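This report concerns only the one structure given below.
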Amino acid sequence: MQFPYQLAAKGKYSLKNVRLETGFEYENEEVTGTKTDLFSIDIEDGKIKAVKINEPASNAIDAKGYLMLPAFRDMHIHLDKTLYGLPWQALSPKRRTVKDMIAYEQEIIPELLKTSVERAEQLINLQQHYGTHFARTHFNIDPTSGLQSLEHLEQALENKKDSFKAELVAFPQHGVYYTDTAPLLKEAAQLKSVGFIGGLDPLSIDGSIEKVMDFTVQLALDHHKGIDIHLHEVGESGMKTMNYLIDKAIENPELQGKIFVSHAFALAHLSPKETEQIAERLAEGKVGIASSVPFKGTVMPIPTLKKYGVNVLIGNDNVQDYWSTFGSGNMLQKANLIAELYGYATELALSRALQFATQSILPLDEKGKQQWPKAGDEAAIILTNASCSAEAVSRMTTIEALMNDGNLFWRN
């Protein structure tokens with residue numbers, strides 16, 4: 001996909017006829033609708049400078065009454081290894097395990113690296129088409145690709161810097177010790193651009209939970225990084241790895257709020273009581289969960305995690321690649337799917353579901369008080385043809401404009 005927008009403004013400017021949510025409508029103390037009004041917005045130095053009474057006669061850029069919402073954030077994706085932009089390819093029935101996939105990657109990575117910059121940019125364009133301006137992206141760190149996946153991803157991000165930004169996770173897709181990746185991880189951990197140390201199923205891939213997690217935690221502590229590991233393992237090994245990380249977070253307060261377990265499918269196989277117990281522990285250690293939501297019939301206990309205050313991040317994971325063909329790149333679709341899965345069907349519940357696309361930023365609080373946007377907020381917004389957040393989530397409305405760091409891009 002080509003970049004779907006044209007630059008409309010940057011630097012210091014104003015918008016008029018911007019629709020913002022102002023409160024809820026109630027009937028017998030129940031939310032039945034969402035109030036909105038039109039405003040003018042001043043943008044300066046990548047921030048929202050002011051939210052003002054609408055000035056329709058001003059010389060500002062006309063937002064045409066579109067609803068302004070926070071721009072979307074994809075918190076788990078692999079920008080470095082998409083097949084998006086290449087001919088269609090479904091999954092092979094021959095590759096059934098993670099180790100099968102590791103062997104396959106070792107074969108195909110050298111060829112894929114030749115076009116990985118262009119394909120990463122195309123995937124970013126797809127995300128932007130759906131209103132995403134930020135991603136936490138994992139990149140392969142392994143003996144086959146060395147640091148090339150990182151270098152190519154950084155080039156793609158540099159080419160997109162005005163309209164998109166990302167935080168990077170050094171991901172040992174081929175294991176830390178299953179292949180000789182530990183030295184490469186140590187090298188990547190020293191780089192300023194790398195924010196997180198990743199990991200992969202320590203017991204089933206590397207044969208040891210403690211050895212791999214101790215290495216990962218120490219690397220993060222030594223270089224002041226976060227941790228974001230892939231954990232597909234279920235049952236005892238999955239829960240043991242999760243609890244081991246929670247213990248490490250409790251022992252090392254500087255890691256609290258900086259450790260995430262991606263996927264964490266073991267959580268979907270617990271009893272309600274066990275789910276509440278682990279949710280309480282995750283909250284105590286401030287260990288977050290990054291989920292792509294459903295996975296082959298596995299429904300994650302997101303409502304229970306949220307109830308206990310666990311930081312739940314949502315992402316697309318794989319978008320049309322050799323691991324999965326189902327990722328769309330659309331974070332609003334993820335919010336819609338969550339609403340459908342967990343029965344968030346009322347005006348209030350649908351409005352709350354928007355948080356899974358924006359990563360917790362909502363225009364109205366639970367009582368309907370306006371809390372976004374405010375002067376000083378990051379100028380990262382979308383404009384969409386919806387009457388309110390609830391409609392945007394339910395109908396997955398079209399994104400008409402995207403703003404990143406105050407740079408406004410209007411759909412072609």
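Going by the structure tokens order, chains are called A, B, ..., each with residues numbered from 1, while ligands are numbered from 1 in the order shown.
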
(request) Excluding A:Ile53 and any residue of its chain fewer than 6 positions from it, enumerate the residues within 8 Å of it, using only C-alpha atoms, and give them as a list in words. (result)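 My list of contacting residues is Leu38, Phe39 and Ser40 of chain A.
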
(message) I'd like the neighbourhood of stretch 154-158 of chain A as a ChimeraX atom specification, where a residue qualifies if any of its atoms comes within 10 Å (using only C-alpha atoms), though same-chain residues fewer than 4 positions away should be ignored.
(response) /A:79-80,116-122,124,148-150,162-166,168,193

(message) Quick one: residues within 12 Å of A:Arg281, only C-alpha atoms, excluding same-chain residues fewer than 2 positions away - as a list in words?
(response)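 The residues that qualify are Met239, Met242, Asn243, Tyr244, Leu245, Ile246, Asp247, Lys248, Ala249, Ile250, Glu274, Thr275, Glu276, Gln277, Ile278, Ala279, Ala283, Glu284, Gly285, Lys286, Val287, Gly288, Leu305, Tyr308, Gly309 and Val310 of chain A.
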
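Nearest to A:Gly46 of all the residues A:Ala9, A:His230, A:Asp317, A:Ile399 is A:Ala9, based on only C-alpha atoms.
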
Residue set, stretch 61-259 of chain A restricted to strand (DSSP E), as a PDB file with N, CA, C and O atoms, in the first residue's frame:
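Wrote it out as out19.pdb, contents follow:
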ATOM      1  N   ILE A  61      -7.776  25.329   9.423  1.00  0.00           N
ATOM      2  CA  ILE A  61      -8.073  24.144   8.606  1.00  0.00           C
ATOM      3  C   ILE A  61      -9.415  23.562   9.052  1.00  0.00           C
ATOM      4  O   ILE A  61      -9.647  23.366  10.247  1.00  0.00           O
ATOM      5  N   ASP A  62     -10.283  23.293   8.103  1.00  0.00           N
ATOM      6  CA  ASP A  62     -11.634  22.828   8.408  1.00  0.00           C
ATOM      7  C   ASP A  62     -11.641  21.316   8.639  1.00  0.00           C
ATOM      8  O   ASP A  62     -11.353  20.534   7.734  1.00  0.00           O
ATOM      9  N   LEU A  67     -15.158  13.558  13.985  1.00  0.00           N
ATOM     10  CA  LEU A  67     -14.844  13.292  15.382  1.00  0.00           C
ATOM     11  C   LEU A  67     -13.342  13.140  15.568  1.00  0.00           C
ATOM     12  O   LEU A  67     -12.691  12.387  14.849  1.00  0.00           O
ATOM     13  N   MET A  68     -12.801  13.855  16.535  1.00  0.00           N
ATOM     14  CA  MET A  68     -11.378  13.762  16.855  1.00  0.00           C
ATOM     15  C   MET A  68     -11.192  12.782  18.010  1.00  0.00           C
ATOM     16  O   MET A  68     -11.831  12.888  19.060  1.00  0.00           O
ATOM     17  N   LEU A  69     -10.314  11.808  17.785  1.00  0.00           N
ATOM     18  CA  LEU A  69      -9.974  10.804  18.792  1.00  0.00           C
ATOM     19  C   LEU A  69      -8.459  10.684  18.895  1.00  0.00           C
ATOM     20  O   LEU A  69      -7.738  11.076  17.959  1.00  0.00           O
ATOM     21  N   PRO A  70      -7.944  10.113  19.996  1.00  0.00           N
ATOM     22  CA  PRO A  70      -6.498   9.866  20.067  1.00  0.00           C
ATOM     23  C   PRO A  70      -6.063   8.924  18.948  1.00  0.00           C
ATOM     24  O   PRO A  70      -6.771   7.959  18.626  1.00  0.00           O
ATOM     25  N   PHE A  72      -4.115   5.871  17.161  1.00  0.00           N
ATOM     26  CA  PHE A  72      -4.019   4.515  17.678  1.00  0.00           C
ATOM     27  C   PHE A  72      -2.566   4.070  17.852  1.00  0.00           C
ATOM     28  O   PHE A  72      -1.658   4.568  17.183  1.00  0.00           O
ATOM     29  N   ARG A  73      -2.383   3.102  18.755  1.00  0.00           N
ATOM     30  CA  ARG A  73      -1.064   2.583  19.091  1.00  0.00           C
ATOM     31  C   ARG A  73      -1.104   1.060  19.058  1.00  0.00           C
ATOM     32  O   ARG A  73      -1.918   0.448  19.757  1.00  0.00           O
ATOM     33  N   ASP A  74      -0.263   0.453  18.253  1.00  0.00           N
ATOM     34  CA  ASP A  74      -0.169  -1.007  18.142  1.00  0.00           C
ATOM     35  C   ASP A  74       1.000  -1.453  19.013  1.00  0.00           C
ATOM     36  O   ASP A  74       2.152  -1.151  18.719  1.00  0.00           O
ATOM     37  N   MET A  75       0.698  -2.218  20.075  1.00  0.00           N
ATOM     38  CA  MET A  75       1.711  -2.509  21.078  1.00  0.00           C
ATOM     39  C   MET A  75       2.321  -3.898  20.967  1.00  0.00           C
ATOM     40  O   MET A  75       3.035  -4.343  21.870  1.00  0.00           O
ATOM     41  N   HIS A  76       2.072  -4.596  19.849  1.00  0.00           N
ATOM     42  CA  HIS A  76       2.784  -5.853  19.588  1.00  0.00           C
ATOM     43  C   HIS A  76       2.660  -6.174  18.106  1.00  0.00           C
ATOM     44  O   HIS A  76       1.625  -6.642  17.637  1.00  0.00           O
ATOM     45  N   ILE A  77       3.738  -5.922  17.373  1.00  0.00           N
ATOM     46  CA  ILE A  77       3.748  -6.204  15.944  1.00  0.00           C
ATOM     47  C   ILE A  77       5.172  -6.526  15.527  1.00  0.00           C
ATOM     48  O   ILE A  77       6.135  -6.202  16.244  1.00  0.00           O
ATOM     49  N   THR A 132      -3.169   4.300  12.915  1.00  0.00           N
ATOM     50  CA  THR A 132      -2.094   4.030  13.880  1.00  0.00           C
ATOM     51  C   THR A 132      -0.885   4.908  13.577  1.00  0.00           C
ATOM     52  O   THR A 132      -0.429   4.975  12.435  1.00  0.00           O
ATOM     53  N   HIS A 133      -0.357   5.553  14.621  1.00  0.00           N
ATOM     54  CA  HIS A 133       0.822   6.404  14.453  1.00  0.00           C
ATOM     55  C   HIS A 133       2.021   5.905  15.254  1.00  0.00           C
ATOM     56  O   HIS A 133       3.112   6.465  15.139  1.00  0.00           O
ATOM     57  N   PHE A 134       1.811   4.839  16.061  1.00  0.00           N
ATOM     58  CA  PHE A 134       2.872   4.369  16.962  1.00  0.00           C
ATOM     59  C   PHE A 134       2.781   2.856  17.093  1.00  0.00           C
ATOM     60  O   PHE A 134       1.692   2.286  17.126  1.00  0.00           O
ATOM     61  N   ALA A 135       3.957   2.208  17.192  1.00  0.00           N
ATOM     62  CA  ALA A 135       3.973   0.757  17.390  1.00  0.00           C
ATOM     63  C   ALA A 135       5.120   0.362  18.304  1.00  0.00           C
ATOM     64  O   ALA A 135       6.180   0.992  18.297  1.00  0.00           O
ATOM     65  N   ARG A 136       4.868  -0.675  19.097  1.00  0.00           N
ATOM     66  CA  ARG A 136       5.973  -1.384  19.728  1.00  0.00           C
ATOM     67  C   ARG A 136       6.258  -2.580  18.825  1.00  0.00           C
ATOM     68  O   ARG A 136       5.427  -3.487  18.705  1.00  0.00           O
ATOM     69  N   THR A 137       7.401  -2.562  18.168  1.00  0.00           N
ATOM     70  CA  THR A 137       7.699  -3.606  17.193  1.00  0.00           C
ATOM     71  C   THR A 137       8.888  -4.448  17.629  1.00  0.00           C
ATOM     72  O   THR A 137       9.928  -3.928  18.036  1.00  0.00           O
ATOM     73  N   HIS A 138       8.700  -5.747  17.550  1.00  0.00           N
ATOM     74  CA  HIS A 138       9.779  -6.699  17.782  1.00  0.00           C
ATOM     75  C   HIS A 138      10.572  -6.840  16.484  1.00  0.00           C
ATOM     76  O   HIS A 138      10.013  -6.748  15.389  1.00  0.00           O
ATOM     77  N   PHE A 139      11.863  -7.034  16.611  1.00  0.00           N
ATOM     78  CA  PHE A 139      12.676  -7.315  15.424  1.00  0.00           C
ATOM     79  C   PHE A 139      13.547  -8.533  15.730  1.00  0.00           C
ATOM     80  O   PHE A 139      14.027  -8.709  16.854  1.00  0.00           O
ATOM     81  N   ASN A 140      13.725  -9.388  14.740  1.00  0.00           N
ATOM     82  CA  ASN A 140      14.526 -10.595  14.918  1.00  0.00           C
ATOM     83  C   ASN A 140      15.963 -10.265  15.277  1.00  0.00           C
ATOM     84  O   ASN A 140      16.591  -9.403  14.646  1.00  0.00           O
ATOM     85  N   LYS A 165       6.083   6.577  14.565  1.00  0.00           N
ATOM     86  CA  LYS A 165       7.211   6.302  15.448  1.00  0.00           C
ATOM     87  C   LYS A 165       7.020   4.965  16.136  1.00  0.00           C
ATOM     88  O   LYS A 165       5.918   4.402  16.150  1.00  0.00           O
ATOM     89  N   ALA A 166       8.105   4.465  16.709  1.00  0.00           N
ATOM     90  CA  ALA A 166       8.063   3.111  17.275  1.00  0.00           C
ATOM     91  C   ALA A 166       9.052   2.975  18.412  1.00  0.00           C
ATOM     92  O   ALA A 166      10.023   3.732  18.513  1.00  0.00           O
ATOM     93  N   GLU A 167       8.785   1.990  19.284  1.00  0.00           N
ATOM     94  CA  GLU A 167       9.770   1.537  20.251  1.00  0.00           C
ATOM     95  C   GLU A 167      10.130   0.106  19.893  1.00  0.00           C
ATOM     96  O   GLU A 167       9.277  -0.659  19.426  1.00  0.00           O
ATOM     97  N   LEU A 168      11.399  -0.254  20.105  1.00  0.00           N
ATOM     98  CA  LEU A 168      11.939  -1.485  19.529  1.00  0.00           C
ATOM     99  C   LEU A 168      12.255  -2.528  20.587  1.00  0.00           C
ATOM    100  O   LEU A 168      12.804  -2.224  21.652  1.00  0.00           O
ATOM    101  N   VAL A 169      11.914  -3.790  20.253  1.00  0.00           N
ATOM    102  CA  VAL A 169      12.174  -4.930  21.133  1.00  0.00           C
ATOM    103  C   VAL A 169      13.111  -5.899  20.425  1.00  0.00           C
ATOM    104  O   VAL A 169      12.795  -6.398  19.339  1.00  0.00           O
ATOM    105  N   ALA A 170      14.279  -6.159  21.020  1.00  0.00           N
ATOM    106  CA  ALA A 170      15.226  -7.131  20.466  1.00  0.00           C
ATOM    107  C   ALA A 170      14.698  -8.533  20.760  1.00  0.00           C
ATOM    108  O   ALA A 170      14.739  -8.992  21.901  1.00  0.00           O
ATOM    109  N   PHE A 171      14.221  -9.208  19.733  1.00  0.00           N
ATOM    110  CA  PHE A 171      13.476 -10.461  19.918  1.00  0.00           C
ATOM    111  C   PHE A 171      14.284 -11.668  19.441  1.00  0.00           C
ATOM    112  O   PHE A 171      14.508 -11.831  18.243  1.00  0.00           O
ATOM    113  N   VAL A 194      17.207   0.603  21.049  1.00  0.00           N
ATOM    114  CA  VAL A 194      16.509  -0.588  21.535  1.00  0.00           C
ATOM    115  C   VAL A 194      15.978  -0.326  22.949  1.00  0.00           C
ATOM    116  O   VAL A 194      16.755  -0.029  23.861  1.00  0.00           O
ATOM    117  N   GLY A 195      14.656  -0.449  23.115  1.00  0.00           N
ATOM    118  CA  GLY A 195      14.063  -0.138  24.408  1.00  0.00           C
ATOM    119  C   GLY A 195      13.757  -1.343  25.270  1.00  0.00           C
ATOM    120  O   GLY A 195      13.627  -1.220  26.487  1.00  0.00           O
ATOM    121  N   PHE A 196      13.637  -2.527  24.638  1.00  0.00           N
ATOM    122  CA  PHE A 196      13.215  -3.715  25.367  1.00  0.00           C
ATOM    123  C   PHE A 196      14.027  -4.933  24.949  1.00  0.00           C
ATOM    124  O   PHE A 196      14.432  -5.047  23.791  1.00  0.00           O
ATOM    125  N   ILE A 197      14.225  -5.838  25.911  1.00  0.00           N
ATOM    126  CA  ILE A 197      14.813  -7.144  25.639  1.00  0.00           C
ATOM    127  C   ILE A 197      13.670  -8.142  25.516  1.00  0.00           C
ATOM    128  O   ILE A 197      12.824  -8.233  26.409  1.00  0.00           O
ATOM    129  N   GLY A 198      13.647  -8.895  24.438  1.00  0.00           N
ATOM    130  CA  GLY A 198      12.581  -9.861  24.217  1.00  0.00           C
ATOM    131  C   GLY A 198      12.962 -11.247  24.698  1.00  0.00           C
ATOM    132  O   GLY A 198      14.019 -11.467  25.287  1.00  0.00           O
ATOM    133  N   GLY A 199      12.070 -12.198  24.439  1.00  0.00           N
ATOM    134  CA  GLY A 199      12.315 -13.577  24.830  1.00  0.00           C
ATOM    135  C   GLY A 199      11.298 -14.495  24.187  1.00  0.00           C
ATOM    136  O   GLY A 199      10.292 -14.033  23.652  1.00  0.00           O
ATOM    137  N   LEU A 200      11.554 -15.794  24.256  1.00  0.00           N
ATOM    138  CA  LEU A 200      10.681 -16.775  23.606  1.00  0.00           C
ATOM    139  C   LEU A 200      10.668 -18.079  24.394  1.00  0.00           C
ATOM    140  O   LEU A 200      11.721 -18.698  24.578  1.00  0.00           O
ATOM    141  N   GLY A 226      13.498  -2.282  29.188  1.00  0.00           N
ATOM    142  CA  GLY A 226      12.335  -3.038  29.591  1.00  0.00           C
ATOM    143  C   GLY A 226      12.455  -4.473  29.101  1.00  0.00           C
ATOM    144  O   GLY A 226      13.424  -4.847  28.427  1.00  0.00           O
ATOM    145  N   ILE A 227      11.474  -5.298  29.436  1.00  0.00           N
ATOM    146  CA  ILE A 227      11.432  -6.705  29.011  1.00  0.00           C
ATOM    147  C   ILE A 227      10.058  -6.964  28.392  1.00  0.00           C
ATOM    148  O   ILE A 227       9.033  -6.548  28.944  1.00  0.00           O
ATOM    149  N   ASP A 228      10.043  -7.625  27.253  1.00  0.00           N
ATOM    150  CA  ASP A 228       8.775  -8.017  26.623  1.00  0.00           C
ATOM    151  C   ASP A 228       8.994  -9.368  25.952  1.00  0.00           C
ATOM    152  O   ASP A 228       9.585  -9.452  24.873  1.00  0.00           O
ATOM    153  N   ILE A 229       8.541 -10.432  26.613  1.00  0.00           N
ATOM    154  CA  ILE A 229       8.810 -11.779  26.111  1.00  0.00           C
ATOM    155  C   ILE A 229       7.566 -12.389  25.467  1.00  0.00           C
ATOM    156  O   ILE A 229       6.435 -12.088  25.853  1.00  0.00           O
ATOM    157  N   HIS A 230       7.767 -13.233  24.460  1.00  0.00           N
ATOM    158  CA  HIS A 230       6.701 -14.057  23.891  1.00  0.00           C
ATOM    159  C   HIS A 230       6.573 -15.317  24.749  1.00  0.00           C
ATOM    160  O   HIS A 230       7.552 -16.035  24.942  1.00  0.00           O
ATOM    161  N   LEU A 231       5.376 -15.582  25.244  1.00  0.00           N
ATOM    162  CA  LEU A 231       5.156 -16.789  26.031  1.00  0.00           C
ATOM    163  C   LEU A 231       3.915 -17.513  25.499  1.00  0.00           C
ATOM    164  O   LEU A 231       2.779 -17.169  25.828  1.00  0.00           O
ATOM    165  N   ILE A 259       8.029  -4.578  32.551  1.00  0.00           N
ATOM    166  CA  ILE A 259       8.036  -5.986  32.139  1.00  0.00           C
ATOM    167  C   ILE A 259       6.669  -6.336  31.551  1.00  0.00           C
ATOM    168  O   ILE A 259       5.628  -6.035  32.149  1.00  0.00           O
TER     169      ILE A 259
END

Considering only C-alpha atoms, give me a table of residues in stretch 19-122 of chain A that are at most 7 Å from stretch 319-335 of chain A, with the closest atom pair and distance in Å for each, as JSON lines.
{"residue": "A:Phe72", "atom": "CA", "partner": "A:Met331", "partner_atom": "CA", "distance": 6.6}
{"residue": "A:Asp74", "atom": "CA", "partner": "A:Met331", "partner_atom": "CA", "distance": 6.7}
{"residue": "A:Thr82", "atom": "CA", "partner": "A:Asp321", "partner_atom": "CA", "distance": 4.9}
{"residue": "A:Leu83", "atom": "CA", "partner": "A:Asp321", "partner_atom": "CA", "distance": 4.7}
{"residue": "A:Tyr84", "atom": "CA", "partner": "A:Gln320", "partner_atom": "CA", "distance": 5.8}
{"residue": "A:Ala90", "atom": "CA", "partner": "A:Thr325", "partner_atom": "CA", "distance": 6.7}
{"residue": "A:Leu91", "atom": "CA", "partner": "A:Tyr322", "partner_atom": "CA", "distance": 6.0}

Give me a file of those residues, with N, CA, C and O atoms, as a JSON list (two decimals), in the first residue's frame.
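Generated file (result.json):
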[["chain", "number", "residue", "atom", "x", "y", "z"],
["A", 72, "PHE", "N", -4.11, 5.87, 17.16],
["A", 72, "PHE", "CA", -4.02, 4.51, 17.68],
["A", 72, "PHE", "C", -2.57, 4.07, 17.85],
["A", 72, "PHE", "O", -1.66, 4.57, 17.18],
["A", 74, "ASP", "N", -0.26, 0.45, 18.25],
["A", 74, "ASP", "CA", -0.17, -1.01, 18.14],
["A", 74, "ASP", "C", 1.00, -1.45, 19.01],
["A", 74, "ASP", "O", 2.15, -1.15, 18.72],
["A", 82, "THR", "N", 7.21, -9.02, 7.59],
["A", 82, "THR", "CA", 5.92, -9.19, 6.96],
["A", 82, "THR", "C", 6.10, -9.71, 5.53],
["A", 82, "THR", "O", 7.12, -9.47, 4.90],
["A", 83, "LEU", "N", 5.09, -10.42, 5.04],
["A", 83, "LEU", "CA", 5.02, -10.76, 3.62],
["A", 83, "LEU", "C", 4.12, -9.77, 2.88],
["A", 83, "LEU", "O", 3.90, -9.91, 1.67],
["A", 84, "TYR", "N", 3.61, -8.78, 3.61],
["A", 84, "TYR", "CA", 2.75, -7.78, 2.99],
["A", 84, "TYR", "C", 3.53, -7.06, 1.88],
["A", 84, "TYR", "O", 4.64, -6.61, 2.08],
["A", 90, "ALA", "N", -0.52, -18.58, 1.80],
["A", 90, "ALA", "CA", -1.16, -19.12, 3.00],
["A", 90, "ALA", "C", -0.13, -19.90, 3.82],
["A", 90, "ALA", "O", 0.99, -20.15, 3.37],
["A", 91, "LEU", "N", -0.53, -20.32, 5.01],
["A", 91, "LEU", "CA", 0.39, -21.07, 5.86],
["A", 91, "LEU", "C", 0.57, -22.49, 5.34],
["A", 91, "LEU", "O", -0.35, -23.09, 4.78]]

(request) Name the residues of stretch 178-364 of chain A that fall into alpha helix (DSSP H) according to DSSP on the backbone, using the chain letters and numbers of this document, as a PyMOL selection string. (result) chain A and resi 182-189+202-206+209-223+235-251+272-285+302-307+331-342+347-353+355-358

(request) Measuring atom to atom with only C-alpha atoms, identify which of A:Ser394, A:Ile381, A:Asp365, A:Lys64 is nearest to A:Gly406. (result)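 So, comparing all the options, the nearest one is A:Ile381.
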
(request) Quick one: everything within 9 Å of A:His129, counting only C-alpha atoms, minus sequence neighbours fewer than 2 positions away in the same chain. Send it as number ranges by chain. (result) A: 1, 3-5, 124-127, 131-132, 329-330, 398-400, 402, 411

Kindly export the residues of the current selection with N, CA, C and O atoms, as a PDB file, in the first residue's frame.
ATOM      1  N   MET A   1       0.836  -1.199   0.000  1.00  0.00           N
ATOM      2  CA  MET A   1       0.000   0.000   0.000  1.00  0.00           C
ATOM      3  C   MET A   1       0.872   1.250   0.000  1.00  0.00           C
ATOM      4  O   MET A   1       1.860   1.338   0.725  1.00  0.00           O
ATOM      5  N   PHE A   3       1.445   5.352   0.778  1.00  0.00           N
ATOM      6  CA  PHE A   3       1.043   6.196   1.897  1.00  0.00           C
ATOM      7  C   PHE A   3      -0.301   6.832   1.560  1.00  0.00           C
ATOM      8  O   PHE A   3      -0.442   7.492   0.528  1.00  0.00           O
ATOM      9  N   PRO A   4      -1.334   6.627   2.417  1.00  0.00           N
ATOM     10  CA  PRO A   4      -2.699   7.009   2.039  1.00  0.00           C
ATOM     11  C   PRO A   4      -3.073   8.465   2.294  1.00  0.00           C
ATOM     12  O   PRO A   4      -4.225   8.849   2.088  1.00  0.00           O
ATOM     13  N   TYR A   5      -2.123   9.287   2.759  1.00  0.00           N
ATOM     14  CA  TYR A   5      -2.444  10.658   3.136  1.00  0.00           C
ATOM     15  C   TYR A   5      -1.517  11.656   2.447  1.00  0.00           C
ATOM     16  O   TYR A   5      -0.429  11.301   1.975  1.00  0.00           O
ATOM     17  N   ILE A 124       3.727  -0.273   7.522  1.00  0.00           N
ATOM     18  CA  ILE A 124       3.461   0.957   8.274  1.00  0.00           C
ATOM     19  C   ILE A 124       2.373   1.766   7.573  1.00  0.00           C
ATOM     20  O   ILE A 124       1.460   2.293   8.217  1.00  0.00           O
ATOM     21  N   ASN A 125       2.447   1.858   6.241  1.00  0.00           N
ATOM     22  CA  ASN A 125       1.401   2.559   5.493  1.00  0.00           C
ATOM     23  C   ASN A 125       0.028   1.951   5.754  1.00  0.00           C
ATOM     24  O   ASN A 125      -0.969   2.668   5.898  1.00  0.00           O
ATOM     25  N   LEU A 126      -0.033   0.621   5.800  1.00  0.00           N
ATOM     26  CA  LEU A 126      -1.297  -0.055   6.078  1.00  0.00           C
ATOM     27  C   LEU A 126      -1.812   0.315   7.470  1.00  0.00           C
ATOM     28  O   LEU A 126      -3.004   0.604   7.650  1.00  0.00           O
ATOM     29  N   GLN A 127      -0.917   0.314   8.458  1.00  0.00           N
ATOM     30  CA  GLN A 127      -1.330   0.700   9.804  1.00  0.00           C
ATOM     31  C   GLN A 127      -1.834   2.141   9.835  1.00  0.00           C
ATOM     32  O   GLN A 127      -2.834   2.450  10.486  1.00  0.00           O
ATOM     33  N   GLY A 131      -5.262   4.474  11.034  1.00  0.00           N
ATOM     34  CA  GLY A 131      -5.178   5.433  12.126  1.00  0.00           C
ATOM     35  C   GLY A 131      -4.110   5.204  13.166  1.00  0.00           C
ATOM     36  O   GLY A 131      -4.106   5.860  14.216  1.00  0.00           O
ATOM     37  N   THR A 132      -3.169   4.300  12.915  1.00  0.00           N
ATOM     38  CA  THR A 132      -2.094   4.030  13.880  1.00  0.00           C
ATOM     39  C   THR A 132      -0.885   4.908  13.577  1.00  0.00           C
ATOM     40  O   THR A 132      -0.429   4.975  12.435  1.00  0.00           O
ATOM     41  N   GLY A 329      -3.807  -5.177  10.652  1.00  0.00           N
ATOM     42  CA  GLY A 329      -3.158  -3.882  10.859  1.00  0.00           C
ATOM     43  C   GLY A 329      -4.089  -2.837  11.429  1.00  0.00           C
ATOM     44  O   GLY A 329      -3.684  -1.691  11.643  1.00  0.00           O
ATOM     45  N   ASN A 330      -5.340  -3.198  11.699  1.00  0.00           N
ATOM     46  CA  ASN A 330      -6.377  -2.249  12.105  1.00  0.00           C
ATOM     47  C   ASN A 330      -6.639  -2.348  13.606  1.00  0.00           C
ATOM     48  O   ASN A 330      -7.250  -3.294  14.082  1.00  0.00           O
ATOM     49  N   THR A 398     -14.216   4.960   8.955  1.00  0.00           N
ATOM     50  CA  THR A 398     -13.054   5.317   8.139  1.00  0.00           C
ATOM     51  C   THR A 398     -12.265   6.461   8.768  1.00  0.00           C
ATOM     52  O   THR A 398     -12.836   7.425   9.283  1.00  0.00           O
ATOM     53  N   ILE A 399     -10.951   6.342   8.720  1.00  0.00           N
ATOM     54  CA  ILE A 399     -10.070   7.404   9.220  1.00  0.00           C
ATOM     55  C   ILE A 399      -9.860   8.424   8.100  1.00  0.00           C
ATOM     56  O   ILE A 399      -9.375   8.084   7.011  1.00  0.00           O
ATOM     57  N   GLU A 400     -10.222   9.674   8.382  1.00  0.00           N
ATOM     58  CA  GLU A 400     -10.120  10.719   7.357  1.00  0.00           C
ATOM     59  C   GLU A 400      -8.817  11.502   7.443  1.00  0.00           C
ATOM     60  O   GLU A 400      -8.341  12.038   6.437  1.00  0.00           O
ATOM     61  N   LEU A 402      -4.901  11.840   9.922  1.00  0.00           N
ATOM     62  CA  LEU A 402      -4.001  11.303  10.948  1.00  0.00           C
ATOM     63  C   LEU A 402      -2.972  12.372  11.301  1.00  0.00           C
ATOM     64  O   LEU A 402      -2.412  13.015  10.403  1.00  0.00           O
ATOM     65  N   ARG A 411      -6.448  12.361   4.249  1.00  0.00           N
ATOM     66  CA  ARG A 411      -6.585  11.258   3.285  1.00  0.00           C
ATOM     67  C   ARG A 411      -6.615  11.767   1.853  1.00  0.00           C
ATOM     68  O   ARG A 411      -7.276  12.759   1.553  1.00  0.00           O
TER      69      ARG A 411
END

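For A:Ser291, the set of protein, DNA and RNA residues having any atom at most 7 Å away, when counting only C-alpha atoms and skipping those fewer than 4 positions along the same chain, is Ser262, His263, Leu313, Ile314 and Gly315 of chain A.
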
(message) Between A:Ala103, A:Val234, A:Leu348, A:Ala220, which residue has the minimum interatomic distance to A:Gln256, considering only C-alpha atoms?
(response) A:Ala220

(request) Excluding stretch 373-380 of chain A and residues on its chain fewer than 2 positions from it, collect all residues at most 7 Å away from it, counting only C-alpha atoms, and give them as a PyMOL selection string. (result) chain A and resi 46-51+70-71+363+371+403-406

(message) Excluding A:Met101 and its own-chain neighbours fewer than 2 positions away, which residues fall within 12 Å of it when counting only C-alpha atoms? Please give them as a ChimeraX atom specification.
(response) /A:91-99,103-109,173-175,205,321-324

(request) Choose the residue, out of A:Val212, A:Thr298, A:His224, A:Gln359, that has the smallest atom-to-atom separation from A:Leu191; count only C-alpha atoms. (result)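 Of the candidates, the smallest distance to A:Leu191 is held by A:His224.
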